[in-house]
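Dumped query.tsv below, it's TSV, C-alpha atoms:
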chain	number	residue	atom	x	y	z
I	182	MET	CA	-146.02	-58.58	-14.16
I	183	GLN	CA	-145.08	-61.36	-16.56
I	184	GLU	CA	-141.98	-63.40	-15.88
I	185	PRO	CA	-139.94	-62.16	-18.91
I	186	THR	CA	-140.57	-58.55	-17.81
I	187	PHE	CA	-139.56	-59.37	-14.25
I	188	LEU	CA	-136.38	-61.03	-15.47
I	189	ILE	CA	-135.50	-58.14	-17.81
I	190	LEU	CA	-135.92	-55.64	-14.98
I	191	THR	CA	-133.88	-57.90	-12.69
I	192	ALA	CA	-131.10	-58.05	-15.31
I	193	LEU	CA	-131.08	-54.25	-15.54
I	194	ALA	CA	-131.09	-53.86	-11.73
I	195	ASP	CA	-127.49	-55.06	-11.77
I	196	SER	CA	-126.18	-52.62	-14.40
I	197	ALA	CA	-127.04	-50.96	-17.72
I	198	GLN	CA	-126.98	-53.60	-20.45
I	199	HIS	CA	-127.43	-53.88	-24.22
I	200	GLY	CA	-129.96	-56.21	-25.89
I	201	TYR	CA	-127.74	-59.27	-26.22
I	202	GLY	CA	-126.42	-58.74	-22.69
I	203	ILE	CA	-129.98	-58.73	-21.32
I	204	MET	CA	-130.80	-61.95	-23.22
I	205	SER	CA	-127.72	-63.70	-21.82
I	206	ASP	CA	-128.33	-62.41	-18.29
I	207	VAL	CA	-131.99	-63.49	-18.30
I	208	ALA	CA	-130.92	-67.01	-19.31
I	209	ARG	CA	-128.36	-66.98	-16.47
I	210	ILE	CA	-130.79	-65.65	-13.82
I	211	SER	CA	-133.44	-68.22	-14.72
I	212	GLY	CA	-130.93	-71.06	-14.79
I	213	GLY	CA	-131.45	-71.49	-18.55
I	214	ARG	CA	-135.21	-71.96	-18.16
I	215	VAL	CA	-136.17	-68.67	-19.87
I	216	ARG	CA	-134.46	-67.92	-23.18
I	217	LEU	CA	-135.67	-64.60	-24.55
I	218	ARG	CA	-135.69	-64.12	-28.32
I	219	ALA	CA	-135.11	-60.79	-30.00
I	220	GLY	CA	-138.77	-60.24	-30.96
I	221	THR	CA	-139.98	-60.84	-27.40
I	222	LEU	CA	-137.16	-58.79	-25.87
I	223	TYR	CA	-137.69	-55.71	-28.04
I	224	ALA	CA	-141.49	-55.87	-27.66
I	225	ALA	CA	-140.92	-55.74	-23.89
I	226	LEU	CA	-138.23	-53.02	-24.11
I	227	ASP	CA	-140.43	-50.84	-26.32
I	228	ARG	CA	-143.28	-51.16	-23.81
I	229	LEU	CA	-141.02	-50.55	-20.80
I	230	LEU	CA	-139.43	-47.50	-22.46
I	231	GLY	CA	-142.92	-46.21	-23.26
I	232	ASP	CA	-144.12	-46.38	-19.67
I	233	GLY	CA	-140.84	-45.03	-18.25
I	234	THR	CA	-139.79	-48.21	-16.44
I	235	VAL	CA	-136.47	-48.35	-18.31
I	236	ALA	CA	-134.45	-45.64	-20.03
I	237	VAL	CA	-131.73	-45.55	-22.68
I	238	ASP	CA	-128.38	-45.21	-20.93
I	239	ARG	CA	-126.00	-44.77	-23.91
I	240	GLU	CA	-125.27	-45.93	-27.42
I	241	GLU	CA	-122.11	-47.42	-28.86
I	242	ILE	CA	-120.98	-48.71	-32.23
I	243	VAL	CA	-119.16	-52.04	-31.88
I	244	ASP	CA	-117.86	-53.80	-35.03
I	245	GLY	CA	-120.03	-51.49	-37.13
I	246	ARG	CA	-123.19	-52.43	-35.26
I	247	LEU	CA	-125.32	-50.26	-32.99
I	248	ARG	CA	-125.44	-51.20	-29.34
I	249	ARG	CA	-127.92	-49.39	-27.16
I	250	TYR	CA	-127.61	-49.79	-23.40
I	251	TYR	CA	-130.69	-49.73	-21.21
I	252	ARG	CA	-130.92	-49.00	-17.51
I	253	LEU	CA	-133.61	-49.28	-14.85
I	254	SER	CA	-135.31	-45.94	-14.14
I	255	PRO	CA	-136.17	-44.95	-10.51
I	256	ALA	CA	-139.82	-45.78	-11.29
I	257	GLY	CA	-138.70	-49.15	-12.70
I	258	ALA	CA	-136.66	-49.87	-9.55
I	259	GLU	CA	-139.73	-49.18	-7.40
I	260	LEU	CA	-141.88	-51.40	-9.58
I	261	LEU	CA	-139.34	-54.23	-9.44
I	262	ALA	CA	-139.01	-53.88	-5.66
I	263	ALA	CA	-142.79	-54.05	-5.22
I	264	GLU	CA	-143.02	-57.09	-7.49
I	265	ALA	CA	-140.11	-58.80	-5.70
I	266	ASP	CA	-141.83	-58.16	-2.32
I	267	ARG	CA	-145.10	-59.54	-3.64
I	268	LEU	CA	-143.46	-62.66	-5.06
I	269	SER	CA	-141.42	-63.34	-1.91
I	270	ALA	CA	-144.50	-62.83	0.31
I	271	ASN	CA	-146.41	-65.33	-1.86
I	272	ALA	CA	-143.44	-67.71	-1.79
I	273	ARG	CA	-143.21	-67.49	2.03
I	274	ILE	CA	-146.89	-68.34	2.42
I	275	ALA	CA	-146.63	-71.19	-0.08
I	276	ALA	CA	-143.56	-72.59	1.74
I	277	ARG	CA	-145.27	-72.35	5.17
I	278	ARG	CA	-148.39	-74.13	3.95
I	279	LEU	CA	-146.38	-76.83	2.22
I	280	ARG	CA	-144.44	-77.40	5.46
I	281	LYS	CA	-147.74	-77.75	7.38
I	282	LEU	CA	-149.10	-80.09	4.73
I	283	ARG	CA	-146.07	-82.35	4.99
I	284	GLU	CA	-146.09	-82.27	8.83
I	285	GLY	CA	-149.82	-83.02	8.94
I	286	ALA	CA	-149.71	-85.69	6.25
I	287	ALA	CA	-147.43	-88.09	8.18
I	288	PRO	CA	-149.61	-88.59	11.39
I	289	ALA	CA	-152.85	-88.54	9.38
I	290	SER	CA	-151.72	-91.30	7.04
I	291	GLY	CA	-150.46	-93.29	10.11
I	292	ALA	CA	-153.90	-92.96	11.79
I	293	LYS	CA	-155.65	-94.08	8.65
I	294	LEU	CA	-153.48	-97.16	8.45
I	295	ALA	CA	-154.16	-98.01	12.14
I	296	GLY	CA	-157.92	-97.61	11.65
I	297	GLY	CA	-157.83	-99.86	8.61
I	298	ALA	CA	-156.02	-102.58	10.58
I	299	ALA	CA	-158.58	-102.42	13.45
I	300	LEU	CA	-161.44	-102.74	11.00
I	301	ALA	CA	-159.76	-105.71	9.36
I	302	GLY	CA	-159.30	-107.33	12.82
I	303	GLY	CA	-162.97	-106.76	13.74
I	304	THR	CA	-164.33	-108.56	10.77
I	305	ALA	CA	-161.97	-111.46	11.13
S	134	MET	CA	-123.64	-63.60	-50.88
S	135	THR	CA	-121.76	-65.08	-47.89
S	136	GLY	CA	-123.60	-67.01	-45.21
S	137	GLU	CA	-123.46	-64.11	-42.76
S	138	ASN	CA	-124.69	-61.60	-45.33
S	139	ALA	CA	-127.49	-63.95	-46.38
S	140	LEU	CA	-128.54	-64.36	-42.75
S	141	GLU	CA	-128.55	-60.60	-42.17
S	142	HIS	CA	-130.55	-60.08	-45.38
S	143	ARG	CA	-133.13	-62.64	-44.21
S	144	TYR	CA	-133.38	-61.06	-40.78
S	145	ARG	CA	-133.92	-57.67	-42.40
S	146	ARG	CA	-136.74	-59.14	-44.48
S	147	LEU	CA	-138.34	-60.51	-41.31
S	148	LEU	CA	-138.06	-57.09	-39.66
S	149	ALA	CA	-140.37	-55.76	-42.40
S	150	TRP	CA	-143.21	-57.19	-40.26
S	151	TYR	CA	-142.58	-54.32	-37.83
S	152	PRO	CA	-144.09	-50.85	-38.36
S	153	ALA	CA	-141.75	-48.27	-39.92
S	154	ALA	CA	-141.45	-46.22	-36.71
S	155	HIS	CA	-140.37	-49.30	-34.76
S	156	ARG	CA	-137.83	-50.21	-37.46
S	157	ARG	CA	-136.36	-46.70	-37.42
S	158	THR	CA	-135.73	-46.98	-33.68
S	159	TYR	CA	-134.72	-50.62	-33.23
S	160	ALA	CA	-133.88	-52.31	-36.57
S	161	GLU	CA	-130.08	-51.81	-36.52
S	162	GLU	CA	-129.87	-52.74	-32.86
S	163	MET	CA	-132.05	-55.83	-33.37
S	164	ILE	CA	-129.93	-56.94	-36.32
S	165	GLY	CA	-126.86	-56.73	-34.07
S	166	VAL	CA	-128.57	-58.83	-31.37
S	167	LEU	CA	-129.96	-61.37	-33.87
S	168	MET	CA	-126.56	-61.81	-35.52
S	169	ALA	CA	-124.81	-62.14	-32.15
S	170	ALA	CA	-127.34	-64.75	-31.00
S	171	ALA	CA	-127.32	-66.76	-34.26
S	172	PRO	CA	-125.45	-70.11	-34.21
S	173	GLU	CA	-122.04	-70.01	-35.89
S	174	GLY	CA	-122.17	-70.55	-39.66
S	175	SER	CA	-125.96	-70.39	-40.04
S	176	SER	CA	-127.32	-68.65	-43.13
S	177	ARG	CA	-131.04	-68.92	-42.31
S	178	PRO	CA	-133.01	-67.81	-39.25
S	179	GLY	CA	-134.39	-70.71	-37.21
S	180	LEU	CA	-138.13	-71.36	-37.39
S	181	ALA	CA	-138.77	-70.39	-33.75
S	182	GLY	CA	-136.77	-67.17	-34.17
S	183	ALA	CA	-138.62	-66.27	-37.36
S	184	VAL	CA	-142.01	-66.92	-35.71
S	185	ASP	CA	-140.93	-64.79	-32.73
S	186	LEU	CA	-140.02	-61.87	-35.03
S	187	ILE	CA	-143.28	-62.12	-37.01
S	188	ARG	CA	-145.29	-62.26	-33.79
S	189	GLY	CA	-143.33	-59.31	-32.37
S	190	GLY	CA	-143.91	-57.33	-35.57
S	191	LEU	CA	-147.64	-57.98	-35.56
S	192	ARG	CA	-147.86	-57.05	-31.88
S	193	ALA	CA	-145.94	-53.80	-32.54
S	194	ARG	CA	-148.32	-52.96	-35.38
S	195	PHE	CA	-151.33	-53.66	-33.16
S	196	ARG	CA	-149.88	-51.50	-30.36
S	197	SER	CA	-149.07	-48.61	-32.69
S	198	GLY	CA	-152.66	-48.88	-34.00
S	199	LEU	CA	-153.97	-48.63	-30.44
S	200	ARG	CA	-151.72	-45.61	-29.75
S	201	TRP	CA	-153.04	-43.96	-32.93
S	202	LEU	CA	-156.62	-44.60	-31.80
S	203	ALA	CA	-155.94	-43.31	-28.29
S	204	GLY	CA	-154.18	-40.19	-29.59
S	205	THR	CA	-156.97	-39.23	-31.96
S	206	ASP	CA	-159.23	-36.33	-31.17
S	207	TRP	CA	-162.45	-38.15	-32.06
S	208	PRO	CA	-164.93	-35.32	-31.43
S	209	ASP	CA	-162.94	-33.18	-33.91
S	210	ALA	CA	-162.74	-36.04	-36.42
S	211	LEU	CA	-166.52	-36.47	-36.18
S	212	ALA	CA	-167.02	-32.70	-36.52
S	213	VAL	CA	-165.08	-32.83	-39.81
S	214	CYS	CA	-167.12	-35.89	-40.76
S	215	SER	CA	-170.38	-34.00	-40.16
S	216	VAL	CA	-169.28	-31.50	-42.83
S	217	ALA	CA	-167.32	-33.81	-45.11
S	218	VAL	CA	-169.93	-36.48	-45.81
S	219	PRO	CA	-172.65	-34.05	-46.94
S	220	VAL	CA	-170.09	-31.97	-48.89
S	221	ILE	CA	-168.83	-35.00	-50.83
S	222	LEU	CA	-172.32	-36.35	-51.48
S	223	ALA	CA	-173.67	-32.92	-52.41
S	224	GLY	CA	-170.64	-32.40	-54.70
S	225	TYR	CA	-171.33	-35.70	-56.39
S	226	PHE	CA	-175.08	-35.17	-56.85
S	227	THR	CA	-174.75	-31.50	-57.86
S	228	ALA	CA	-172.19	-32.39	-60.54
S	229	ASP	CA	-174.40	-35.25	-61.72
S	230	TRP	CA	-177.44	-32.95	-61.80
S	231	LEU	CA	-175.66	-30.12	-63.66
S	232	TYR	CA	-174.21	-32.64	-66.10
S	233	SER	CA	-177.65	-34.06	-66.93
S	234	ILE	CA	-179.06	-30.53	-67.40
S	235	GLY	CA	-176.05	-29.56	-69.58
S	236	THR	CA	-176.22	-32.64	-71.81
S	237	GLY	CA	-180.03	-32.31	-71.94
S	238	LEU	CA	-179.79	-28.72	-73.16
S	239	LEU	CA	-177.22	-29.76	-75.78
S	240	HIS	CA	-179.53	-32.45	-77.14
S	241	GLY	CA	-182.69	-30.35	-76.77
S	242	TYR	CA	-184.32	-32.62	-74.17
S	243	THR	CA	-183.93	-32.32	-70.42
S	244	GLY	CA	-186.45	-35.00	-69.45
S	245	PRO	CA	-189.55	-34.54	-67.32
S	246	TRP	CA	-189.44	-31.59	-64.90
S	247	TYR	CA	-190.00	-33.80	-61.88
S	248	GLY	CA	-186.87	-35.80	-62.73
S	249	GLN	CA	-184.78	-32.65	-62.49
S	250	ALA	CA	-186.66	-31.49	-59.39
S	251	GLU	CA	-185.97	-34.83	-57.70
S	252	ARG	CA	-182.23	-34.45	-58.28
S	253	GLY	CA	-182.37	-30.95	-56.81
S	254	LEU	CA	-184.28	-32.22	-53.79
S	255	ILE	CA	-181.64	-34.87	-53.15
S	256	VAL	CA	-178.96	-32.16	-53.01
S	257	LEU	CA	-181.15	-30.09	-50.69
S	258	ALA	CA	-181.85	-33.09	-48.43
S	259	ILE	CA	-178.11	-33.75	-48.14
S	260	ALA	CA	-177.17	-30.10	-47.52
S	261	ALA	CA	-180.05	-29.20	-45.16
S	262	PRO	CA	-179.04	-31.04	-41.94
S	263	PRO	CA	-175.50	-29.63	-41.67
S	264	LEU	CA	-176.76	-26.14	-42.52
S	265	LEU	CA	-179.47	-26.48	-39.90
S	266	ALA	CA	-176.88	-27.81	-37.44
S	267	LEU	CA	-175.01	-24.50	-37.53
S	268	ARG	CA	-177.83	-23.28	-35.30
S	269	TRP	CA	-179.77	-26.32	-34.00
S	270	ARG	CA	-177.44	-29.28	-33.86
S	271	ARG	CA	-179.69	-31.81	-32.10
S	272	THR	CA	-182.72	-31.02	-34.26
S	273	ALA	CA	-180.52	-31.34	-37.34
S	274	ALA	CA	-179.17	-34.69	-36.12
S	275	VAL	CA	-182.72	-36.02	-35.63
S	276	LEU	CA	-183.70	-34.74	-39.10
S	277	ALA	CA	-180.61	-36.32	-40.71
S	278	LEU	CA	-181.32	-39.60	-38.96
S	279	ALA	CA	-184.94	-39.52	-40.13
S	280	LEU	CA	-183.85	-38.80	-43.71
S	281	ALA	CA	-181.32	-41.62	-43.66
S	282	GLY	CA	-183.91	-43.98	-42.16
S	283	TRP	CA	-186.52	-43.03	-44.72
S	284	TYR	CA	-184.03	-43.50	-47.55
S	285	LEU	CA	-182.92	-46.85	-46.13
S	286	ILE	CA	-186.53	-48.10	-45.86
S	287	ASP	CA	-187.19	-46.89	-49.41
S	288	VAL	CA	-184.11	-48.69	-50.75
S	289	PHE	CA	-184.68	-51.96	-48.91
S	290	GLY	CA	-188.46	-51.81	-49.43
S	291	SER	CA	-188.09	-51.84	-53.18
S	292	LEU	CA	-185.35	-54.47	-53.11
S	293	PRO	CA	-187.61	-57.60	-53.33
S	294	GLY	CA	-189.20	-56.32	-56.57
S	295	TYR	CA	-185.77	-55.68	-58.08
S	296	ILE	CA	-184.50	-59.09	-56.99
S	297	SER	CA	-187.32	-60.86	-58.86
S	298	HIS	CA	-186.53	-58.83	-62.00
S	299	LEU	CA	-182.77	-58.60	-61.91
S	300	GLY	CA	-181.58	-61.46	-59.74
S	301	GLN	CA	-177.87	-61.34	-59.03
S	302	TRP	CA	-177.39	-57.83	-60.46
S	303	THR	CA	-179.55	-56.28	-57.75
S	304	TRP	CA	-176.55	-55.28	-55.64
S	305	LEU	CA	-175.13	-53.41	-58.62
S	306	VAL	CA	-178.33	-51.48	-59.31
S	307	HIS	CA	-179.02	-50.78	-55.67
S	308	GLY	CA	-175.40	-50.31	-54.59
S	309	ASP	CA	-175.79	-46.54	-54.81
S	310	GLY	CA	-178.95	-46.56	-52.67
S	311	ILE	CA	-177.34	-48.69	-49.98
S	312	SER	CA	-174.06	-46.77	-49.91
S	313	SER	CA	-175.92	-43.42	-49.92
S	314	SER	CA	-178.08	-44.45	-46.98
S	315	LEU	CA	-175.03	-45.64	-45.07
S	316	ALA	CA	-173.32	-42.32	-45.82
S	317	LEU	CA	-176.41	-40.42	-44.63
S	318	LEU	CA	-176.43	-42.52	-41.43
S	319	LEU	CA	-172.73	-41.73	-40.89
S	320	GLY	CA	-173.42	-38.02	-41.38
S	321	ALA	CA	-176.34	-38.17	-38.95
S	322	ALA	CA	-174.26	-40.00	-36.32
S	323	ALA	CA	-171.46	-37.43	-36.75
S	324	LEU	CA	-173.94	-34.60	-36.23
S	325	ALA	CA	-175.29	-36.23	-33.09
S	326	LEU	CA	-171.94	-37.14	-31.52
S	327	SER	CA	-169.63	-34.26	-32.51
S	328	PRO	CA	-169.42	-30.59	-31.50
S	329	GLY	CA	-171.05	-29.92	-34.90
S	330	PRO	CA	-170.18	-28.66	-38.39
S	331	ARG	CA	-169.11	-25.23	-37.11
S	332	ARG	CA	-166.10	-26.90	-35.46
S	333	GLY	CA	-165.54	-28.98	-38.62
S	334	ILE	CA	-165.45	-25.82	-40.75
S	335	GLU	CA	-162.90	-24.29	-38.34
S	336	ILE	CA	-160.62	-27.30	-38.80
S	337	LEU	CA	-160.86	-27.59	-42.58
S	338	THR	CA	-158.28	-25.64	-44.57
S	339	PRO	CA	-158.96	-24.54	-48.20
S	340	LYS	CA	-156.75	-27.41	-49.40
S	341	ARG	CA	-158.83	-29.91	-47.45
S	342	TRP	CA	-162.05	-28.44	-48.83
S	343	LEU	CA	-160.69	-29.19	-52.33
S	344	LEU	CA	-159.77	-32.69	-51.20
S	345	LEU	CA	-163.35	-33.25	-50.09
S	346	ILE	CA	-165.24	-31.63	-52.97
S	347	GLY	CA	-162.88	-32.66	-55.80
S	348	PRO	CA	-163.35	-36.45	-55.89
S	349	GLY	CA	-167.14	-36.26	-55.43
S	350	ALA	CA	-167.58	-33.64	-58.16
S	351	ALA	CA	-165.22	-35.45	-60.56
S	352	MET	CA	-167.15	-38.68	-60.15
S	353	GLY	CA	-170.50	-36.96	-60.52
S	354	LEU	CA	-169.32	-35.55	-63.86
S	355	THR	CA	-167.89	-38.80	-65.20
S	356	GLN	CA	-170.24	-41.48	-63.87
S	357	SER	CA	-172.72	-41.17	-66.78
S	358	TYR	CA	-170.10	-42.64	-69.11
S	359	LEU	CA	-169.99	-45.83	-67.14
S	360	TRP	CA	-172.54	-48.56	-66.92
S	361	THR	CA	-171.42	-49.47	-63.41
S	362	ARG	CA	-172.72	-46.26	-61.86
S	363	PRO	CA	-173.37	-47.69	-58.37
S	364	LEU	CA	-169.76	-48.79	-58.09
S	365	TRP	CA	-168.75	-45.19	-58.65
S	366	LEU	CA	-170.88	-44.04	-55.79
S	367	VAL	CA	-169.44	-46.75	-53.55
S	368	ALA	CA	-166.01	-45.41	-54.54
S	369	VAL	CA	-167.13	-41.88	-53.62
S	370	ILE	CA	-168.14	-43.13	-50.20
S	371	VAL	CA	-164.82	-44.92	-49.70
S	372	ILE	CA	-162.91	-41.80	-50.75
S	373	ALA	CA	-165.14	-39.73	-48.49
S	374	ALA	CA	-164.32	-41.97	-45.57
S	375	LEU	CA	-160.58	-41.72	-46.33
S	376	ALA	CA	-160.79	-37.95	-46.71
S	377	VAL	CA	-162.64	-37.71	-43.42
S	378	VAL	CA	-160.03	-39.81	-41.66
S	379	ALA	CA	-157.19	-37.79	-43.22
S	380	ALA	CA	-158.77	-34.41	-42.56
S	381	GLY	CA	-160.13	-35.30	-39.14
S	382	LEU	CA	-157.01	-36.78	-37.64
S	383	VAL	CA	-154.51	-34.05	-38.44
S	384	PRO	CA	-154.26	-31.21	-35.93
S	385	ALA	CA	-156.42	-28.14	-36.45
S	386	ARG	CA	-154.76	-25.18	-38.12
How does the structure come out when it is put into structure tokens?
Amino acid sequence: MQEPTFLILTALADSAQHGYGIMSDVARISGGRVRLRAGTLYAALDRLLGDGTVAVDREEIVDGRLRRYYRLSPAGAELLAAEADRLSANARIAARRLRKLREGAAPASGAKLAGGAALAGGTA
Amino acid sequence: MTGENALEHRYRRLLAWYPAAHRRTYAEEMIGVLMAAAPEGSSRPGLAGAVDLIRGGLRARFRSGLRWLAGTDWPDALAVCSVAVPVILAGYFTADWLYSIGTGLLHGYTGPWYGQAERGLIVLAIAAPPLLALRWRRTAAVLALALAGWYLIDVFGSLPGYISHLGQWTWLVHGDGISSSLALLLGAAALALSPGPRRGIEILTPKRWLLLIGPGAAMGLTQSYLWTRPLWLVAVIVIAALAVVAAGLVPAR
């Protein structure tokens, strides 16, 4: 699943939202890093509606303009949960390995320095 | 036009990149989102926004094309093709043949007998495989393929001689030979890969029969007036292909 799709589904997991609401929420969730544009958003929504991941919740007319609200379908909620599990499992493994790398890096670099000093002493 | 109206007008023009079905569903909603997201006072879409809409439109067109391809009943389309290609070609050549006999009789000279016989044989060669396929489809497909191959070899075999005589006009003189052989190959492939012309005949309505025979016959009757005869035959093939697509992709009656 691509990140924009994940973020759209995450936005809809909170409540049914209209297009502009999704765009604003995605920017908020990603800390401003991902800013969806209308073309990208509606390409994703059309695809997600087509495969039944999201559904139209209701329509409203506000200031003479159509607002359509989208919600996460049960199938979409399952898909998002599976993706969230996968990402957090990957993140846990990455964090554990990084911790090991940092713990192992300190003594190893110390040993290398000691060896270098001994070699320098031997030649002197 | 005020700045806001101008901006909306420009966004609507950009939405023309999307297929009509997509616009019917999303255009008004997208306009609302685009206007809400536009910076205050702007009268033109930003470059990045415009590129995003064009890219989205092209993607939507590509996806709708894929859906159309996936939703097509290709065996049925090919079954129609196995009938349509020979019908259009036979319509064209029969009209051409009858026209030459008619004008010959009017002027008191019909040309050598073998010239007329050759035209008749062409019609027979086009009509034979689909007729045979009503009973023996695979044998008919092999025969159609052999005929197309023989015709192709004949056309390309005589091409070097024509090139030395006619130079750049060769394509014009031999355009009919090349397009006819391609049409014969298409017909042969349709016979081999489809459920056969019997299914094609089931699908075709009387109106669609007219659609198939009409253009071929009309061009066969009028092509003698034009020096660029091969271009006419190329046009027949193009129309044939369009008719096949149109007739083959709509649901059976």
Would you list which chain I residues are within 9 Å of chain S using all atoms listed in the file, as an MDAnalysis selection string?
chainID I and resid 199:202 204 218:224 227 246:249
May I have the selected residues written with C-alpha atoms, as a compact mmCIF listing (two decimals), in the coordinates of the input?
# COMPACT_ATOMS: atom_id res chain seq x y z
CA HIS I 199 -127.43 -53.88 -24.22
CA GLY I 200 -129.96 -56.21 -25.89
CA TYR I 201 -127.74 -59.27 -26.22
CA GLY I 202 -126.42 -58.74 -22.69
CA MET I 204 -130.80 -61.95 -23.22
CA ARG I 218 -135.69 -64.12 -28.32
CA ALA I 219 -135.11 -60.79 -30.00
CA GLY I 220 -138.77 -60.24 -30.96
CA THR I 221 -139.98 -60.84 -27.40
CA LEU I 222 -137.16 -58.79 -25.87
CA TYR I 223 -137.69 -55.71 -28.04
CA ALA I 224 -141.49 -55.87 -27.66
CA ASP I 227 -140.43 -50.84 -26.32
CA ARG I 246 -123.19 -52.43 -35.26
CA LEU I 247 -125.32 -50.26 -32.99
CA ARG I 248 -125.44 -51.20 -29.34
CA ARG I 249 -127.92 -49.39 -27.16
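Of the residues listed (S:Gly241, S:Pro152, S:Tyr144, S:Leu324), S:Tyr144 shows the shortest atom-to-atom separation from Leu180 in chain S; distances use all atoms listed in the file.
Look at range 263-274 of chain I: the protein and nucleic acid residues within 12 Å of it, using only C-alpha atoms and passing over chain neighbours fewer than 2 places away, are Met182, Gln183, Glu184, Thr186, Phe187, Leu188, Leu190, Thr191, Ala194, Ala256, Gly257, Ala258, Glu259, Leu260, Leu261, Ala276, Arg277, Arg278, Leu279, Arg280 and Lys281 of chain I.
The two atoms in question, CA of Gly253 in chain S and CA of Phe226 in chain S, are spaced 8.4 Å apart.
Picture a line from CA of Val235 in chain I to CA of Ala208 in chain I; it runs 19.5 Å.
As for CA of Gly179 in chain S and CA of Leu230 in chain I, they are spaced 28.0 Å apart.
Non-sequential neighbours of Val216 in chain S (distance at most 9 Å, separation of 2 or more positions within a chain, only C-alpha atoms) are Leu211, Ala212, Val213, Cys214, Val218, Pro219, Val220, Ile221, Pro263, Gly320, Ala323, Leu324, Gly329, Pro330, Arg331, Gly333 and Ile334 of chain S.
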If I put a ball of radius 9 Å at (-181.0, -35.8, -41.2) in the file's coordinates, which residues poke into it when counting only C-alpha atoms, written as number ranges by chain?
S: 258-259, 261-263, 272-282, 317-318, 320-321, 324
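Neighbouring residues of Ser196 in chain I at 9 Å or closer, counting only C-alpha atoms and skipping chain neighbours under 5 positions away, are I:Tyr251, I:Arg252, I:Leu253.
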Output file: range 224-235 of chain I, N, CA, C and O atoms, as a JSON list (two decimals), in the first residue's frame:
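Okay, this is what ended up in result11.json:
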[["chain", "number", "residue", "atom", "x", "y", "z"],
["I", 224, "ALA", "N", -7.94, 10.42, -7.70],
["I", 224, "ALA", "CA", -7.49, 9.18, -8.36],
["I", 224, "ALA", "C", -7.54, 8.05, -7.33],
["I", 224, "ALA", "O", -8.03, 6.95, -7.61],
["I", 225, "ALA", "N", -7.05, 8.34, -6.12],
["I", 225, "ALA", "CA", -7.04, 7.33, -5.05],
["I", 225, "ALA", "C", -8.47, 6.98, -4.63],
["I", 225, "ALA", "O", -8.82, 5.81, -4.48],
["I", 226, "LEU", "N", -9.32, 8.02, -4.44],
["I", 226, "LEU", "CA", -10.70, 7.76, -4.00],
["I", 226, "LEU", "C", -11.46, 6.92, -5.03],
["I", 226, "LEU", "O", -12.20, 6.00, -4.66],
["I", 227, "ASP", "N", -11.26, 7.24, -6.30],
["I", 227, "ASP", "CA", -11.96, 6.49, -7.36],
["I", 227, "ASP", "C", -11.55, 5.01, -7.30],
["I", 227, "ASP", "O", -12.38, 4.12, -7.41],
["I", 228, "ARG", "N", -10.25, 4.79, -7.10],
["I", 228, "ARG", "CA", -9.75, 3.41, -7.02],
["I", 228, "ARG", "C", -10.28, 2.71, -5.77],
["I", 228, "ARG", "O", -10.74, 1.57, -5.82],
["I", 229, "LEU", "N", -10.25, 3.42, -4.64],
["I", 229, "LEU", "CA", -10.69, 2.82, -3.37],
["I", 229, "LEU", "C", -12.19, 2.55, -3.37],
["I", 229, "LEU", "O", -12.65, 1.55, -2.80],
["I", 230, "LEU", "N", -12.96, 3.44, -4.02],
["I", 230, "LEU", "CA", -14.41, 3.20, -4.16],
["I", 230, "LEU", "C", -14.64, 1.97, -5.04],
["I", 230, "LEU", "O", -15.50, 1.14, -4.75],
["I", 231, "GLY", "N", -13.84, 1.87, -6.11],
["I", 231, "GLY", "CA", -13.98, 0.76, -7.05],
["I", 231, "GLY", "C", -13.73, -0.58, -6.41],
["I", 231, "GLY", "O", -14.44, -1.55, -6.70],
["I", 232, "ASP", "N", -12.72, -0.64, -5.50],
["I", 232, "ASP", "CA", -12.45, -1.96, -4.89],
["I", 232, "ASP", "C", -13.16, -2.14, -3.54],
["I", 232, "ASP", "O", -12.90, -3.11, -2.82],
["I", 233, "GLY", "N", -14.05, -1.19, -3.20],
["I", 233, "GLY", "CA", -14.88, -1.38, -2.01],
["I", 233, "GLY", "C", -14.19, -1.08, -0.70],
["I", 233, "GLY", "O", -14.68, -1.43, 0.37],
["I", 234, "THR", "N", -13.03, -0.41, -0.75],
["I", 234, "THR", "CA", -12.31, -0.09, 0.48],
["I", 234, "THR", "C", -12.95, 1.10, 1.20],
["I", 234, "THR", "O", -12.97, 1.18, 2.42],
["I", 235, "VAL", "N", -13.46, 2.05, 0.41],
["I", 235, "VAL", "CA", -14.22, 3.16, 1.00],
["I", 235, "VAL", "C", -15.60, 3.20, 0.36],
["I", 235, "VAL", "O", -15.82, 2.60, -0.69]]
